[in-house]
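A.B. asks: For reference, the file my_file_11.txt (compact mmCIF, C-alpha atoms and all ligand atoms) is included below:
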# COMPACT_ATOMS: atom_id res chain seq x y z
CA VAL H 1 14.68 -20.82 -37.88
CA SER H 2 12.88 -17.61 -38.84
CA GLU H 3 11.38 -17.37 -35.37
CA THR H 4 14.84 -17.64 -33.83
CA ILE H 5 16.08 -14.87 -36.08
CA PHE H 6 13.07 -12.75 -35.19
CA MET H 7 13.67 -13.30 -31.49
CA ALA H 8 17.33 -12.45 -31.82
CA ARG H 9 16.46 -9.29 -33.70
CA SER H 10 13.89 -8.14 -31.16
CA ALA H 11 16.37 -8.89 -28.39
CA ASP H 12 18.90 -6.74 -30.21
CA ARG H 13 16.46 -3.91 -30.69
CA ALA H 14 15.35 -4.03 -27.09
CA ALA H 15 18.95 -4.15 -25.91
CA ASN H 16 19.78 -1.14 -28.03
CA GLY H 17 16.90 0.77 -26.52
CA GLY H 18 17.84 -0.50 -23.05
CA ALA H 19 15.14 -3.07 -22.36
CA ILE H 20 13.57 -2.78 -18.89
CA PRO H 21 11.22 -5.73 -18.35
CA VAL H 22 8.52 -5.02 -15.77
CA LEU H 23 6.51 -8.09 -14.77
CA LEU H 24 2.86 -7.80 -13.74
CA TYR H 25 1.38 -10.46 -11.45
CA HIS H 26 -2.07 -10.69 -9.91
CA SER H 27 -3.04 -13.56 -7.56
CA VAL H 28 -0.52 -16.29 -6.62
CA PRO H 29 -2.79 -19.01 -5.12
CA ALA H 30 -1.74 -22.47 -3.86
CA ALA H 31 -3.45 -24.01 -6.91
CA GLU H 32 -4.34 -22.11 -10.05
CA PRO H 33 -8.11 -21.68 -10.45
CA PRO H 34 -8.92 -22.97 -13.96
CA ASP H 35 -11.22 -20.03 -14.67
CA ASP H 36 -8.68 -17.28 -13.91
CA PRO H 37 -6.15 -16.71 -16.69
CA LEU H 38 -4.24 -14.21 -14.52
CA SER H 39 -3.59 -16.43 -11.49
CA VAL H 40 -0.14 -18.00 -11.25
CA SER H 41 0.17 -21.00 -8.93
CA LYS H 42 2.70 -20.91 -6.08
CA ALA H 43 4.69 -23.74 -7.68
CA ARG H 44 4.86 -21.99 -11.02
CA PHE H 45 5.75 -18.72 -9.32
CA GLY H 46 8.71 -20.56 -7.74
CA SER H 47 10.03 -21.43 -11.18
CA HIS H 48 9.62 -17.79 -12.23
CA LEU H 49 11.64 -16.73 -9.16
CA ASP H 50 14.51 -18.91 -10.35
CA ALA H 51 14.29 -17.36 -13.82
CA ILE H 52 14.41 -13.85 -12.31
CA CYS H 53 17.48 -14.72 -10.20
CA ASP H 54 19.20 -16.43 -13.15
CA SER H 55 18.60 -13.42 -15.41
CA GLY H 56 21.30 -11.39 -13.67
CA ARG H 57 19.02 -8.37 -13.85
CA VAL H 58 18.83 -5.83 -11.03
CA PRO H 59 15.28 -5.47 -9.64
CA VAL H 60 14.27 -1.90 -8.79
CA SER H 61 11.12 -0.14 -7.59
CA ILE H 62 8.80 1.66 -10.00
CA GLU H 63 9.71 4.93 -8.31
CA ALA H 64 13.41 4.31 -8.96
CA LEU H 65 12.59 3.34 -12.51
CA ALA H 66 10.59 6.53 -13.10
CA GLU H 67 13.36 8.65 -11.61
CA GLY H 68 15.81 6.90 -13.91
CA LEU H 69 13.59 7.54 -16.94
CA ARG H 70 13.47 11.23 -16.00
CA GLY H 71 17.23 11.32 -15.61
CA GLU H 72 16.99 12.13 -11.90
CA ARG H 73 19.08 9.12 -10.92
CA ASP H 74 21.25 6.48 -12.54
CA LEU H 75 19.62 3.17 -13.26
CA PRO H 76 21.55 -0.07 -12.95
CA GLU H 77 22.79 -1.39 -16.27
CA ARG H 78 20.13 -4.12 -16.59
CA PRO H 79 17.14 -3.11 -14.49
CA MET H 80 13.82 -4.94 -14.14
CA ALA H 81 10.86 -4.73 -11.79
CA VAL H 82 8.26 -7.08 -10.30
CA THR H 83 4.77 -5.71 -9.67
CA PHE H 84 1.48 -7.04 -8.29
CA ASP H 85 -1.91 -5.47 -9.01
CA ASP H 86 -5.12 -5.50 -6.93
CA ALA H 87 -3.44 -6.76 -3.70
CA TYR H 88 -4.68 -10.27 -2.94
CA GLU H 89 -4.15 -12.00 0.41
CA ASP H 90 -1.72 -14.34 -1.30
CA THR H 91 0.35 -11.40 -2.54
CA VAL H 92 1.97 -11.21 0.93
CA GLU H 93 3.55 -14.66 0.65
CA ALA H 94 4.63 -14.07 -2.94
CA VAL H 95 6.31 -10.82 -1.90
CA ASP H 96 8.01 -12.62 1.03
CA ARG H 97 9.47 -15.18 -1.35
CA LEU H 98 10.81 -12.40 -3.58
CA ASN H 99 12.23 -10.46 -0.63
CA GLU H 100 13.94 -13.61 0.70
CA ARG H 101 15.93 -13.63 -2.52
CA GLY H 102 16.69 -9.93 -2.38
CA ILE H 103 14.06 -8.93 -4.94
CA PRO H 104 11.86 -5.93 -4.08
CA ALA H 105 8.25 -5.82 -5.24
CA SER H 106 5.70 -3.13 -6.01
CA VAL H 107 2.13 -3.80 -4.87
CA TYR H 108 -0.75 -1.74 -6.26
CA VAL H 109 -3.74 -1.74 -3.92
CA THR H 110 -7.41 -1.26 -4.88
CA THR H 111 -8.36 0.54 -1.68
CA GLY H 112 -12.13 -0.08 -1.87
CA GLN H 113 -11.52 -3.84 -1.91
CA ILE H 114 -9.22 -4.11 1.13
CA GLY H 115 -10.50 -6.85 3.46
CA THR H 116 -13.15 -8.13 1.04
CA GLY H 117 -13.24 -11.70 -0.33
CA GLU H 118 -9.74 -12.95 -1.12
CA MET H 119 -8.22 -9.48 -1.04
CA LEU H 120 -5.53 -8.25 1.34
CA ARG H 121 -6.63 -7.36 4.88
CA CYS H 122 -5.62 -4.20 6.75
CA ASP H 123 -3.21 -6.07 9.04
CA GLN H 124 -1.53 -7.64 6.00
CA LEU H 125 -1.21 -4.22 4.42
CA ALA H 126 0.52 -3.00 7.59
CA GLN H 127 2.80 -6.05 7.35
CA LEU H 128 3.77 -5.12 3.78
CA ALA H 129 4.25 -1.49 4.78
CA SER H 130 6.79 -2.58 7.40
CA ARG H 131 9.07 -4.26 4.84
CA GLY H 132 10.94 -1.03 4.02
CA GLU H 133 12.89 -1.24 0.77
CA GLY H 134 11.46 -4.67 0.01
CA VAL H 135 7.97 -3.40 -0.79
CA GLU H 136 6.79 -0.35 -2.65
CA LEU H 137 3.08 0.32 -2.15
CA GLY H 138 1.05 2.04 -4.82
CA ALA H 139 -2.55 3.09 -5.43
CA HIS H 140 -4.80 1.31 -7.94
CA THR H 141 -8.01 3.40 -7.56
CA VAL H 142 -10.84 2.80 -5.08
CA ASN H 143 -13.26 0.80 -7.27
CA HIS H 144 -11.07 -0.54 -10.08
CA PRO H 145 -12.94 1.12 -13.00
CA TYR H 146 -11.82 1.67 -16.58
CA LEU H 147 -10.63 5.22 -15.88
CA ASP H 148 -10.69 6.25 -19.53
CA GLU H 149 -14.47 5.70 -19.55
CA LEU H 150 -15.22 8.00 -16.59
CA ASP H 151 -15.80 11.75 -16.61
CA LEU H 152 -12.93 13.80 -15.29
CA GLU H 153 -14.46 14.49 -11.90
CA ARG H 154 -14.83 10.78 -11.17
CA VAL H 155 -11.36 10.08 -12.50
CA ARG H 156 -9.94 12.60 -10.05
CA GLU H 157 -11.98 11.08 -7.22
CA GLU H 158 -10.74 7.53 -7.89
CA VAL H 159 -7.15 8.71 -8.21
CA THR H 160 -6.93 11.06 -5.21
CA ALA H 161 -9.17 9.09 -2.83
CA SER H 162 -7.15 5.90 -3.33
CA LYS H 163 -3.94 7.84 -2.65
CA SER H 164 -5.19 9.48 0.56
CA ARG H 165 -6.85 6.28 1.86
CA LEU H 166 -3.68 4.27 1.36
CA GLU H 167 -1.57 7.02 2.96
CA GLU H 168 -3.93 7.04 5.94
CA LEU H 169 -3.62 3.25 6.30
CA VAL H 170 0.16 2.99 6.04
CA GLY H 171 1.18 6.40 7.38
CA ARG H 172 3.48 7.37 4.57
CA GLU H 173 3.35 9.12 1.24
CA ILE H 174 2.25 7.04 -1.74
CA GLY H 175 4.04 8.11 -4.91
CA THR H 176 3.10 5.52 -7.50
CA PHE H 177 -0.13 4.54 -9.25
CA ALA H 178 -1.27 1.75 -11.60
CA TYR H 179 -4.11 2.16 -14.11
CA PRO H 180 -6.72 -0.63 -13.72
CA TYR H 181 -6.66 -2.78 -16.89
CA GLY H 182 -3.87 -0.49 -18.05
CA ALA H 183 -6.63 1.82 -19.32
CA TYR H 184 -5.68 5.48 -19.51
CA ASP H 185 -5.81 8.45 -21.81
CA ARG H 186 -4.35 11.94 -21.71
CA ARG H 187 -6.91 13.21 -19.14
CA VAL H 188 -6.37 10.24 -16.86
CA ARG H 189 -2.58 10.54 -17.04
CA GLU H 190 -2.81 14.25 -16.21
CA ALA H 191 -5.14 13.59 -13.28
CA VAL H 192 -2.57 11.14 -11.92
CA ILE H 193 0.21 13.74 -12.23
CA ASP H 194 -2.02 16.45 -10.68
CA ALA H 195 -2.76 14.18 -7.70
CA GLY H 196 0.96 14.20 -6.91
CA PHE H 197 1.98 10.76 -8.14
CA ARG H 198 5.54 10.66 -9.41
CA SER H 199 5.14 7.49 -11.43
CA ALA H 200 2.45 5.29 -12.94
CA ALA H 201 2.38 1.78 -14.34
CA SER H 202 0.40 0.79 -17.40
CA VAL H 203 0.08 -2.62 -19.05
CA LYS H 204 0.76 -2.60 -22.82
CA ASN H 205 2.15 -6.17 -22.68
CA ALA H 206 5.40 -4.83 -23.98
CA ILE H 207 8.88 -4.34 -22.60
CA SER H 208 9.66 -0.97 -21.06
CA HIS H 209 12.84 0.84 -22.09
CA ARG H 210 14.96 3.90 -21.34
CA CYS H 211 12.64 6.23 -23.31
CA ASP H 212 9.39 4.98 -21.75
CA ASP H 213 6.87 7.36 -20.13
CA PRO H 214 7.40 7.54 -16.31
CA TRP H 215 3.59 7.96 -15.96
CA ALA H 216 2.75 4.99 -18.18
CA ILE H 217 5.51 2.45 -17.67
CA ALA H 218 4.93 -0.60 -19.84
CA ARG H 219 4.44 -3.92 -18.07
CA TRP H 220 4.20 -7.48 -19.29
CA THR H 221 1.32 -9.50 -17.84
CA VAL H 222 2.26 -12.88 -16.41
CA GLY H 223 -0.55 -15.40 -16.76
CA ARG H 224 -1.63 -18.85 -15.59
CA THR H 225 0.24 -20.60 -18.41
CA THR H 226 3.40 -18.45 -18.47
CA THR H 227 6.44 -20.72 -18.26
CA ALA H 228 9.80 -20.00 -16.65
CA GLU H 229 11.28 -20.10 -20.16
CA GLU H 230 8.95 -17.31 -21.26
CA ILE H 231 9.95 -15.25 -18.21
CA ALA H 232 13.61 -15.84 -19.11
CA ARG H 233 12.96 -14.65 -22.68
CA ILE H 234 11.15 -11.53 -21.48
CA LEU H 235 13.99 -10.79 -19.07
CA ALA H 236 16.42 -11.22 -21.96
CA GLY H 237 14.51 -8.41 -23.67
CA ALA H 238 12.89 -10.72 -26.21
CA GLY H 239 9.54 -12.48 -26.50
CA ALA H 240 7.58 -9.23 -26.47
CA PRO H 241 7.97 -6.03 -28.44
CA PRO H 242 9.60 -2.96 -26.91
CA ALA H 243 6.80 -0.63 -25.81
CA TRP H 244 6.96 1.73 -28.81
CA GLN H 245 6.73 -1.04 -31.38
CA HIS H 246 3.54 -2.52 -30.01
CA VAL H 247 1.04 -1.82 -32.78
CA ARG H 248 -1.37 -4.72 -32.18
CA LEU H 249 -3.48 -2.65 -29.81
CA ARG H 250 -7.22 -2.48 -30.01
CA THR H 251 -9.45 0.56 -30.53
CA ARG H 252 -8.65 3.32 -28.05
CA GLY H 253 -5.33 1.74 -27.19
CA TYR H 254 -4.12 2.30 -30.69
CA ARG H 255 -4.60 6.04 -30.39
CA ILE H 256 -2.71 6.06 -27.11
CA ALA H 257 0.13 4.01 -28.57
CA ARG H 258 0.37 6.37 -31.50
CA ARG H 259 0.57 9.33 -29.17
CA ALA H 260 3.13 7.62 -26.93
CA ARG H 261 5.19 6.79 -29.96
CA ARG H 262 5.10 10.42 -31.08
CA ARG H 263 6.26 11.52 -27.63
CA ILE H 264 9.15 9.10 -27.77
CA VAL H 265 10.17 10.24 -31.24
CA GLU H 266 10.06 13.83 -29.99
CA ARG H 267 12.10 12.95 -26.94
CA LEU H 268 14.68 11.19 -29.06
CA GLY H 269 15.00 14.37 -31.08
CA GLY H 270 13.47 12.94 -34.23
CA ALA H 271 10.69 15.48 -34.49
CA ARG H 272 12.58 18.55 -33.44
ZN ZN I 301 -6.17 -4.31 -11.32
Just give me the structure of the file as structure tokens.
Ligand SMILES: [Zn+2]

C.D. replies:
Amino acid sequence: VSETIFMARSADRAANGGAIPVLLYHSVPAAEPPDDPLSVSKARFGSHLDAICDSGRVPVSIEALAEGLRGERDLPERPMAVTFDDAYEDTVEAVDRLNERGIPASVYVTTGQIGTGEMLRCDQLAQLASRGEGVELGAHTVNHPYLDELDLERVREEVTASKSRLEELVGREIGTFAYPYGAYDRRVREAVIDAGFRSAASVKNAISHRCDDPWAIARWTVGRTTTAEEIARILAGAGAPPAWQHVRLRTRGYRIARRARRRIVERLGGAR
């Protein structure tokens, strides 16, 4: 009973803050490899698709979301977003299945890995780039490092080189970025803004909301064992804390969360 009450309360809180669930997928293989906690099998992904459609939420791109957070455009009443990191070969089919049901997807590409192993090939990238509104392409560095552990020069290199490489490959401007492992700090975030990105996605395993940071949008990681029911709960704004209430972060993350929280309080007028 207490769990139900807790869930109802977090749903309420998230609803009050305007919950914006952003799902983060990685590989969607035919069968889930037992050693990869982040792979979601095709069959399971199908059940997630149903949950997304049943949620009645309006899927948007990360760019649209960021513009909404900055007040540059109106967001739909109950927005959500679906994102994929790293860009695997099997991302193309997953994105197709979303698009078939009218759901756009954002795909963050690690440019140094294109065409290697089970990662997306150049021709598949071109295929995704031709989907128009259905696919938003974003940069995810060249080498997928923990950016907060690099010196600033290397941070800038990873951020700008992945942007220009991706732009060269798809022939259009790339405006969104995702931090590998969700790892960022103030320097990294500023380097991303300086490089000309207009939005960035983090991880946080929390639910984004109307006061979230457009350059560190919270996402919830979908894993191998995530059920359709869990997806439904997340899309209802429950099952995970709103981004600013997430205090169970480790080490460095805690400092970042504290800072983010302060920014939100300031933005809400609490500190002024
Ligand atoms: Zn990644």

A.B. asks: Residues at most 7 Å from ligand ZN 301 (chain I), using all atoms listed in the file? Could they come as a list in words?

C.D. replies: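 The residues near ligand ZN 301 (chain I) are Asp85, Asp86, His140, His144, Pro180 and Tyr181 of chain H.
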
A.B. asks: Quick one: residues within 10 Å of Arg219 (chain H), all atoms listed in the file, excluding same-chain residues fewer than 3 positions away - as a list in words?

C.D. replies: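 My reading of the contact set: Ile20, Pro21, Val22, Leu23, Leu24, Tyr25, Ala81, Val82, Thr83, Gly182, Ala201, Ser202, Val203, Lys204, Asn205, Ala206, Ile207, Ser208, Ala216, Val222 and Ala243 of chain H.
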
A.B. asks: Looking at H:Pro79, H:Gly239, H:Gly138, H:Gly102, which one is nearest to Cys53 (chain H), with distances taken over all atoms listed in the file?

C.D. replies: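 Answer, going by the shortest atom-to-atom distance: H:Gly102.
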
A.B. asks: Would you list the contacts of Val40 (chain H) as JSON, numbers by chain, taking every protein, DNA or RNA residue within 7 Å and counting only C-alpha atoms, but skipping same-chain residues closer than 6 positions in sequence?

C.D. replies: {"H": [27, 28, 29, 32, 223, 224]}

A.B. asks: How would you write as a list in words the residues that get within 10 Å of (21.5, -19.1, -18.7) in the file's frame, counting all atoms listed in the file?

C.D. replies: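 So the residues meeting the distance criterion are Ala51, Asp54, Ser55, Gly56, Ala232 and Ala236 of chain H.
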
A.B. asks: From the list H:Gly46, H:Ala139, H:Leu166, H:Ala161, which residue is nearest Ala126 (chain H) when using only C-alpha atoms?

C.D. replies: H:Leu166

A.B. asks: Select all residues near (-6.4, -11.6, 2.0) (cut-off 7 Å, inclusive, file coordinates), counting all atoms listed in the file, and output them as a PDB file with C-alpha atoms, in the coordinates of the input.

C.D. replies:
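What ended up in out_1.pdb:
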ATOM      1  CA  TYR H  88      -4.680 -10.270  -2.940  1.00  0.00           C
ATOM      2  CA  GLU H  89      -4.150 -12.000   0.410  1.00  0.00           C
ATOM      3  CA  ASP H  90      -1.720 -14.340  -1.300  1.00  0.00           C
ATOM      4  CA  GLY H 115     -10.500  -6.850   3.460  1.00  0.00           C
ATOM      5  CA  GLU H 118      -9.740 -12.950  -1.120  1.00  0.00           C
ATOM      6  CA  MET H 119      -8.220  -9.480  -1.040  1.00  0.00           C
ATOM      7  CA  LEU H 120      -5.530  -8.250   1.340  1.00  0.00           C
ATOM      8  CA  ARG H 121      -6.630  -7.360   4.880  1.00  0.00           C
TER       9      ARG H 121
END

A.B. asks: Please, what distance in Å, to one decimal, runs between CA of Val155 (chain H) and CA of Thr110 (chain H)?

C.D. replies: 14.2 Å

A.B. asks: So, with all atoms listed in the file as the atoms that count, which of H:Ala200, H:Leu125, H:Leu69, H:Leu75 lies closest to Ala87 (chain H)?

C.D. replies: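 Among the listed residues, the smallest separation from Ala87 (chain H) belongs to H:Leu125.
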
A.B. asks: Grab the CA of Val109 (chain H) to CA of Ser39 (chain H) distance for me, in Å with one decimal place.

C.D. replies: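 The value is 16.5 Å.
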
A.B. asks: Which of these residues is nearest to Glu136 (chain H), using only C-alpha atoms: H:Asn99, H:Ser106, H:Ser47, H:Thr226?

C.D. replies: H:Ser106

A.B. asks: Of the candidates H:Asp123, H:Asp148, H:Asp36, H:Glu72, which shows the shortest atom-to-atom distance to Arg187 (chain H), using all atoms listed in the file?

C.D. replies: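 Selected residue with least distance to Arg187 (chain H): H:Asp148.
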